[in-house]
$ cat entry_5.txt   # compact mmCIF, C-alpha atoms
# COMPACT_ATOMS: atom_id res chain seq x y z
CA MET K 1 4.11 8.31 2.90
CA PRO K 2 1.51 7.20 5.45
CA ALA K 3 0.05 3.77 4.82
CA THR K 4 -3.45 2.74 5.86
CA ILE K 5 -3.20 -0.33 8.11
CA LEU K 6 -6.31 -2.34 9.01
CA VAL K 7 -5.77 -3.95 12.42
CA VAL K 8 -8.12 -6.89 13.01
CA GLU K 9 -7.66 -7.78 16.68
CA ASP K 10 -10.27 -8.53 19.36
CA GLU K 11 -8.13 -7.95 22.47
CA PRO K 12 -8.50 -4.24 23.36
CA ALA K 13 -5.09 -3.95 25.09
CA ILE K 14 -3.23 -5.41 22.11
CA GLN K 15 -5.33 -3.40 19.67
CA SER K 16 -4.47 -0.21 21.54
CA LEU K 17 -0.75 -1.07 21.72
CA ILE K 18 -0.60 -1.66 17.98
CA GLU K 19 -2.61 1.47 17.19
CA VAL K 20 -0.37 3.74 19.30
CA ASN K 21 2.84 2.41 17.75
CA LEU K 22 1.58 2.55 14.17
CA ARG K 23 0.25 6.08 14.55
CA ARG K 24 3.55 7.11 16.12
CA VAL K 25 5.39 6.29 12.88
CA GLY K 26 2.76 8.08 10.79
CA HIS K 27 0.44 5.32 9.60
CA VAL K 28 -3.32 5.70 9.34
CA VAL K 29 -4.94 2.98 11.46
CA GLN K 30 -8.33 1.34 11.04
CA LEU K 31 -9.58 -0.96 13.80
CA ALA K 32 -11.84 -3.99 13.69
CA ALA K 33 -12.56 -6.51 16.46
CA ASP K 34 -13.96 -9.18 14.12
CA ALA K 35 -13.79 -10.33 10.54
CA GLU K 36 -17.24 -9.05 9.58
CA THR K 37 -16.35 -5.49 10.59
CA ALA K 38 -13.03 -5.83 8.80
CA ARG K 39 -14.76 -7.07 5.66
CA ARG K 40 -17.06 -4.02 5.61
CA LEU K 41 -14.06 -1.70 5.95
CA VAL K 42 -12.25 -3.46 3.11
CA GLN K 43 -15.35 -3.21 0.91
CA GLU K 44 -15.49 0.55 1.53
CA ALA K 45 -11.83 1.13 0.65
CA LEU K 46 -8.76 -1.07 0.35
CA PRO K 47 -6.16 -0.55 3.07
CA ASP K 48 -2.47 -0.85 2.23
CA LEU K 49 -2.02 -3.79 4.60
CA VAL K 50 -4.06 -5.99 6.94
CA LEU K 51 -2.67 -6.98 10.33
CA LEU K 52 -4.82 -9.98 11.16
CA ASP K 53 -5.23 -11.91 14.42
CA TRP K 54 -5.56 -15.68 13.96
CA MET K 55 -8.23 -16.21 16.63
CA LEU K 56 -11.27 -13.97 16.23
CA PRO K 57 -14.90 -14.21 17.36
CA GLY K 58 -17.09 -15.56 14.57
CA MET K 59 -15.08 -16.02 11.40
CA SER K 60 -11.46 -16.87 12.24
CA GLY K 61 -8.56 -14.81 10.96
CA VAL K 62 -7.43 -17.77 8.86
CA ASP K 63 -10.82 -18.04 7.16
CA PHE K 64 -10.90 -14.27 6.60
CA ALA K 65 -7.45 -14.43 5.01
CA ARG K 66 -8.67 -17.21 2.71
CA LEU K 67 -11.67 -15.07 1.79
CA LEU K 68 -9.44 -12.11 0.93
CA ARG K 69 -7.21 -14.31 -1.21
CA SER K 70 -10.23 -15.79 -3.04
CA GLU K 71 -11.54 -12.45 -4.34
CA ALA K 72 -9.88 -10.67 -7.27
CA ARG K 73 -10.06 -7.22 -5.65
CA THR K 74 -8.23 -8.30 -2.47
CA ARG K 75 -6.08 -11.14 -3.82
CA ARG K 76 -2.86 -9.10 -3.63
CA LEU K 77 -3.68 -7.23 -0.42
CA PRO K 78 -0.70 -7.63 1.95
CA ILE K 79 -1.55 -9.65 5.08
CA ILE K 80 0.48 -10.15 8.25
CA MET K 81 -0.87 -12.80 10.63
CA LEU K 82 -0.60 -11.93 14.32
CA THR K 83 -1.10 -14.85 16.69
CA ALA K 84 -0.07 -16.68 19.84
CA ARG K 85 0.14 -19.93 17.84
CA ALA K 86 3.88 -20.42 17.52
CA GLU K 87 4.03 -24.03 16.34
CA GLU K 88 5.83 -24.56 13.03
CA ARG K 89 2.77 -26.22 11.46
CA ASP K 90 0.67 -23.16 12.32
CA LYS K 91 3.20 -20.82 10.72
CA ILE K 92 3.29 -23.01 7.61
CA GLU K 93 -0.51 -23.01 7.42
CA GLY K 94 -0.60 -19.23 7.72
CA LEU K 95 2.01 -18.72 5.03
CA GLU K 96 0.52 -21.31 2.69
CA LEU K 97 -2.90 -19.65 2.76
CA GLY K 98 -1.22 -16.51 1.43
CA ALA K 99 -0.06 -14.46 4.43
CA ASP K 100 2.99 -12.32 3.67
CA ASP K 101 4.43 -12.62 7.17
CA TYR K 102 3.66 -14.22 10.52
CA VAL K 103 4.28 -12.50 13.88
CA THR K 104 3.81 -14.39 17.15
CA LYS K 105 2.59 -12.98 20.46
CA PRO K 106 4.09 -11.59 22.63
CA PHE K 107 5.79 -9.33 20.11
CA SER K 108 8.06 -6.31 20.10
CA PRO K 109 6.23 -3.22 18.75
CA ARG K 110 9.46 -2.10 17.07
CA GLU K 111 9.82 -5.46 15.34
CA LEU K 112 6.18 -5.36 14.23
CA VAL K 113 6.66 -1.88 12.72
CA ALA K 114 9.79 -3.14 10.94
CA ARG K 115 7.93 -6.19 9.60
CA ILE K 116 5.14 -3.97 8.30
CA LYS K 117 7.65 -1.69 6.60
CA ALA K 118 9.34 -4.68 4.95
CA VAL K 119 6.06 -6.04 3.59
CA LEU K 120 4.99 -2.59 2.34
CA ARG K 121 8.36 -2.14 0.63
CA ARG K 122 7.74 -5.35 -1.32
CA HIS K 123 4.07 -4.81 -2.14
CA ALA K 124 3.45 -1.06 -1.99
CA PRO K 125 6.72 0.88 -2.17
CA GLN K 126 4.72 4.07 -2.77
CA ALA K 127 3.45 3.71 0.81
CA THR K 128 6.96 3.98 2.31
CA GLU K 129 9.21 6.98 2.91
CA ASP K 130 12.12 5.54 0.93
CA MET K 131 13.72 8.03 -1.44
CA VAL K 132 13.34 7.17 -5.13
CA GLU K 133 15.64 8.14 -8.01
CA LEU K 134 15.12 7.64 -11.74
CA GLY K 135 16.81 9.24 -14.73
CA GLY K 136 18.26 12.10 -12.68
CA LEU K 137 14.95 12.76 -10.93
CA ARG K 138 14.89 12.39 -7.15
CA LEU K 139 11.70 12.15 -5.06
CA ASP K 140 11.78 12.28 -1.27
CA PRO K 141 8.42 11.29 0.29
CA ALA K 142 9.56 12.31 3.78
CA THR K 143 10.13 15.95 2.84
CA HIS K 144 7.70 15.95 -0.10
CA ARG K 145 10.44 17.38 -2.33
CA ILE K 146 11.34 16.54 -5.92
CA THR K 147 14.63 17.64 -7.45
CA ALA K 148 16.15 17.31 -10.89
CA GLY K 149 19.81 18.12 -10.36
CA SER K 150 19.77 21.59 -8.83
CA ILE K 151 16.22 22.31 -9.99
CA GLU K 152 13.35 21.85 -7.56
CA VAL K 153 10.13 20.59 -9.15
CA ASN K 154 6.87 21.80 -7.65
CA LEU K 155 3.88 19.49 -7.93
CA GLY K 156 0.36 19.43 -6.56
CA PRO K 157 -0.56 16.58 -4.18
CA THR K 158 -2.20 14.41 -6.84
CA GLU K 159 0.68 14.81 -9.31
CA PHE K 160 3.12 14.03 -6.48
CA ARG K 161 1.31 10.77 -5.65
CA LEU K 162 1.10 9.91 -9.34
CA LEU K 163 4.82 10.48 -9.90
CA HIS K 164 5.70 8.59 -6.71
CA PHE K 165 3.66 5.58 -7.80
CA LEU K 166 5.18 5.57 -11.29
CA MET K 167 8.74 5.97 -9.96
CA THR K 168 8.30 3.06 -7.55
CA HIS K 169 7.00 0.89 -10.41
CA PRO K 170 9.34 1.82 -13.30
CA GLU K 171 9.09 0.30 -16.77
CA ARG K 172 5.64 -1.14 -16.09
CA VAL K 173 2.66 -0.08 -18.18
CA HIS K 174 -0.31 1.01 -16.06
CA ALA K 175 -3.82 1.32 -17.47
CA ARG K 176 -5.82 4.39 -16.48
CA ALA K 177 -8.08 2.26 -14.27
CA GLN K 178 -5.04 0.87 -12.43
CA LEU K 179 -3.67 4.35 -11.83
CA LEU K 180 -7.03 5.52 -10.51
CA ASP K 181 -7.12 2.63 -8.02
CA GLN K 182 -3.52 3.06 -6.91
CA VAL K 183 -3.26 6.86 -6.80
CA TRP K 184 -6.80 8.09 -6.19
CA GLY K 185 -8.04 4.99 -4.32
CA ASP K 186 -10.39 2.24 -5.42
CA HIS K 187 -13.27 3.89 -3.52
CA VAL K 188 -13.04 7.12 -5.55
CA PHE K 189 -15.21 7.19 -8.64
CA VAL K 190 -13.94 9.58 -11.30
CA GLU K 191 -13.63 9.43 -15.06
CA GLU K 192 -10.60 7.55 -16.40
CA ARG K 193 -9.74 10.62 -18.53
CA THR K 194 -8.97 12.39 -15.26
CA VAL K 195 -5.67 10.51 -15.38
CA ASP K 196 -4.82 12.16 -18.73
CA VAL K 197 -5.34 15.62 -17.23
CA HIS K 198 -2.94 14.93 -14.36
CA ILE K 199 -0.39 13.29 -16.66
CA ARG K 200 -0.37 16.50 -18.73
CA ARG K 201 0.13 18.58 -15.59
CA LEU K 202 2.93 16.28 -14.45
CA ARG K 203 4.71 16.53 -17.80
CA ALA K 204 4.33 20.31 -17.81
CA ALA K 205 5.93 20.53 -14.36
CA LEU K 206 8.84 18.32 -15.46
CA GLU K 207 9.39 20.12 -18.76
CA ALA K 208 11.65 22.86 -17.35
CA SER K 209 14.19 20.29 -16.15
CA GLY K 210 13.88 18.20 -19.33
CA HIS K 211 12.39 15.21 -17.52
CA ASP K 212 8.95 15.27 -19.11
CA GLY K 213 10.08 12.56 -21.53
CA LEU K 214 10.31 10.08 -18.66
CA ILE K 215 6.51 9.84 -18.69
CA GLN K 216 5.63 7.74 -21.72
CA THR K 217 2.28 7.05 -23.33
CA VAL K 218 1.75 3.47 -24.45
CA ARG K 219 -0.93 3.67 -27.10
CA GLY K 220 -3.99 1.62 -26.26
CA SER K 221 -2.60 0.54 -22.87
CA GLY K 222 -1.81 3.46 -20.56
CA TYR K 223 1.30 5.11 -19.16
CA ARG K 224 4.72 4.17 -17.84
CA ILE K 225 7.83 5.89 -16.57
CA SER K 226 11.14 4.89 -18.11
CA ALA K 227 14.65 6.28 -18.15
CA THR K 228 15.46 4.48 -21.41
$ encode --input "entry_5.txt" --output "structure tokens"
Amino acid sequence: MPATILVVEDEPAIQSLIEVNLRRVGHVVQLAADAETARRLVQEALPDLVLLDWMLPGMSGVDFARLLRSEARTRRLPIIMLTARAEERDKIEGLELGADDYVTKPFSPRELVARIKAVLRRHAPQATEDMVELGGLRLDPATHRITAGSIEVNLGPTEFRLLHFLMTHPERVHARAQLLDQVWGDHVFVEERTVDVHIRRLRAALEASGHDGLIQTVRGSGYRISAT
């Protein structure tokens, strides 16, 4: 599944190199040359990951990372620091302020893509193309196919994203508001009961294969997927 990557980098050549390589593997790329522009983009809609240069005009990348970690909405937003500062103390500072990884310049584009994939796999597995299996149900994001044994399950795009998110976060209870943020996006404003409509559609689509029972309602809390 394509992830939205916010690249905060003020050197045009490096920005372009990163953009080309991320788009090549299917990611959606947003570009910002300074922290203020990046902050406006984040306020409009949360990206899946921020690739953040240490040295920026105006607010530094380190200060912007601290700002992101200080606000509830962006506290868990994955951040990879990208910098020419290769001293151990700099790496420690970057990691201690909450960065998920630290890549030094010059860098290999292939390694950067691999680092991004690793961080997304930890924080947002629904943004990767890894196949997911649960209770005899198999979902392949790369081909957009869902199978239950020999039966192919057909879902609309929203139900597909909903099932993918639930399958990559099994056994956890998700409130309707959480599902709206994660599946629809935190910039989309719809009624929480919209989730109920799509859960019903998802269960109806899974009923023929006998997998509708995987989607469980937790009274007063929300929904979860469980094979037990």
$ residues_around --input "entry_5.txt" --residues "Ile116 of chain K" --least-positions-apart "4" --cutoff "9 Å" --atoms "all atoms listed in the file" --output "ChimeraX atom specification"
/K:49,51,80,101,111-112,120-121
$ residues_around --input "entry_5.txt" --residues "Arg138 of chain K" --least-positions-apart "4" --cutoff "9 Å" --atoms "all atoms listed in the file" --output "short mmCIF file (atom, residue, chain, number, x, y, z; two decimals) with C-alpha atoms, in the coordinates of the input"
data_model
loop_
_atom_site.label_atom_id
_atom_site.label_comp_id
_atom_site.auth_asym_id
_atom_site.auth_seq_id
_atom_site.Cartn_x
_atom_site.Cartn_y
_atom_site.Cartn_z
CA MET K 131 13.72 8.03 -1.44
CA VAL K 132 13.34 7.17 -5.13
CA GLU K 133 15.64 8.14 -8.01
CA LEU K 134 15.12 7.64 -11.74
CA ARG K 145 10.44 17.38 -2.33
CA ILE K 146 11.34 16.54 -5.92
CA THR K 147 14.63 17.64 -7.45
CA ALA K 148 16.15 17.31 -10.89
CA GLY K 149 19.81 18.12 -10.36
#
$ closest_residue --input "entry_5.txt" --among "K:Arg115, K:Arg110, K:Arg224, K:Arg40" --to "Val173 of chain K" --atoms "only C-alpha atoms"
K:Arg224
$ residues_around --input "entry_5.txt" --residues "Pro141 of chain K" --least-positions-apart "2" --cutoff "7 Å" --atoms "all atoms listed in the file" --output "VMD selection string"
chain K and resid 1 129 to 131 139 143 to 145
$ residues_near_point --input "entry_5.txt" --point "(6.3, 19.1, -8.3)" --cutoff "12 Å" --atoms "all atoms listed in the file" --output "PDB file with C-alpha atoms, in the frame of the given file"
ATOM      1  CA  LEU K 137      14.950  12.760 -10.930  1.00  0.00           C
ATOM      2  CA  ARG K 138      14.890  12.390  -7.150  1.00  0.00           C
ATOM      3  CA  LEU K 139      11.700  12.150  -5.060  1.00  0.00           C
ATOM      4  CA  ASP K 140      11.780  12.280  -1.270  1.00  0.00           C
ATOM      5  CA  PRO K 141       8.420  11.290   0.290  1.00  0.00           C
ATOM      6  CA  HIS K 144       7.700  15.950  -0.100  1.00  0.00           C
ATOM      7  CA  ARG K 145      10.440  17.380  -2.330  1.00  0.00           C
ATOM      8  CA  ILE K 146      11.340  16.540  -5.920  1.00  0.00           C
ATOM      9  CA  THR K 147      14.630  17.640  -7.450  1.00  0.00           C
ATOM     10  CA  ALA K 148      16.150  17.310 -10.890  1.00  0.00           C
ATOM     11  CA  ILE K 151      16.220  22.310  -9.990  1.00  0.00           C
ATOM     12  CA  GLU K 152      13.350  21.850  -7.560  1.00  0.00           C
ATOM     13  CA  VAL K 153      10.130  20.590  -9.150  1.00  0.00           C
ATOM     14  CA  ASN K 154       6.870  21.800  -7.650  1.00  0.00           C
ATOM     15  CA  LEU K 155       3.880  19.490  -7.930  1.00  0.00           C
ATOM     16  CA  GLY K 156       0.360  19.430  -6.560  1.00  0.00           C
ATOM     17  CA  PRO K 157      -0.560  16.580  -4.180  1.00  0.00           C
ATOM     18  CA  THR K 158      -2.200  14.410  -6.840  1.00  0.00           C
ATOM     19  CA  GLU K 159       0.680  14.810  -9.310  1.00  0.00           C
ATOM     20  CA  PHE K 160       3.120  14.030  -6.480  1.00  0.00           C
ATOM     21  CA  ARG K 161       1.310  10.770  -5.650  1.00  0.00           C
ATOM     22  CA  LEU K 162       1.100   9.910  -9.340  1.00  0.00           C
ATOM     23  CA  LEU K 163       4.820  10.480  -9.900  1.00  0.00           C
ATOM     24  CA  HIS K 164       5.700   8.590  -6.710  1.00  0.00           C
ATOM     25  CA  HIS K 198      -2.940  14.930 -14.360  1.00  0.00           C
ATOM     26  CA  ARG K 201       0.130  18.580 -15.590  1.00  0.00           C
ATOM     27  CA  LEU K 202       2.930  16.280 -14.450  1.00  0.00           C
ATOM     28  CA  ARG K 203       4.710  16.530 -17.800  1.00  0.00           C
ATOM     29  CA  ALA K 204       4.330  20.310 -17.810  1.00  0.00           C
ATOM     30  CA  ALA K 205       5.930  20.530 -14.360  1.00  0.00           C
ATOM     31  CA  LEU K 206       8.840  18.320 -15.460  1.00  0.00           C
ATOM     32  CA  GLU K 207       9.390  20.120 -18.760  1.00  0.00           C
ATOM     33  CA  ALA K 208      11.650  22.860 -17.350  1.00  0.00           C
ATOM     34  CA  SER K 209      14.190  20.290 -16.150  1.00  0.00           C
ATOM     35  CA  HIS K 211      12.390  15.210 -17.520  1.00  0.00           C
ATOM     36  CA  ASP K 212       8.950  15.270 -19.110  1.00  0.00           C
TER      37      ASP K 212
END
$ residues_around --input "entry_5.txt" --residues "Ala84 of chain K" --least-positions-apart "2" --cutoff "9 Å" --atoms "all atoms listed in the file" --output "ChimeraX atom specification"
/K:53-55,82,86,103-106
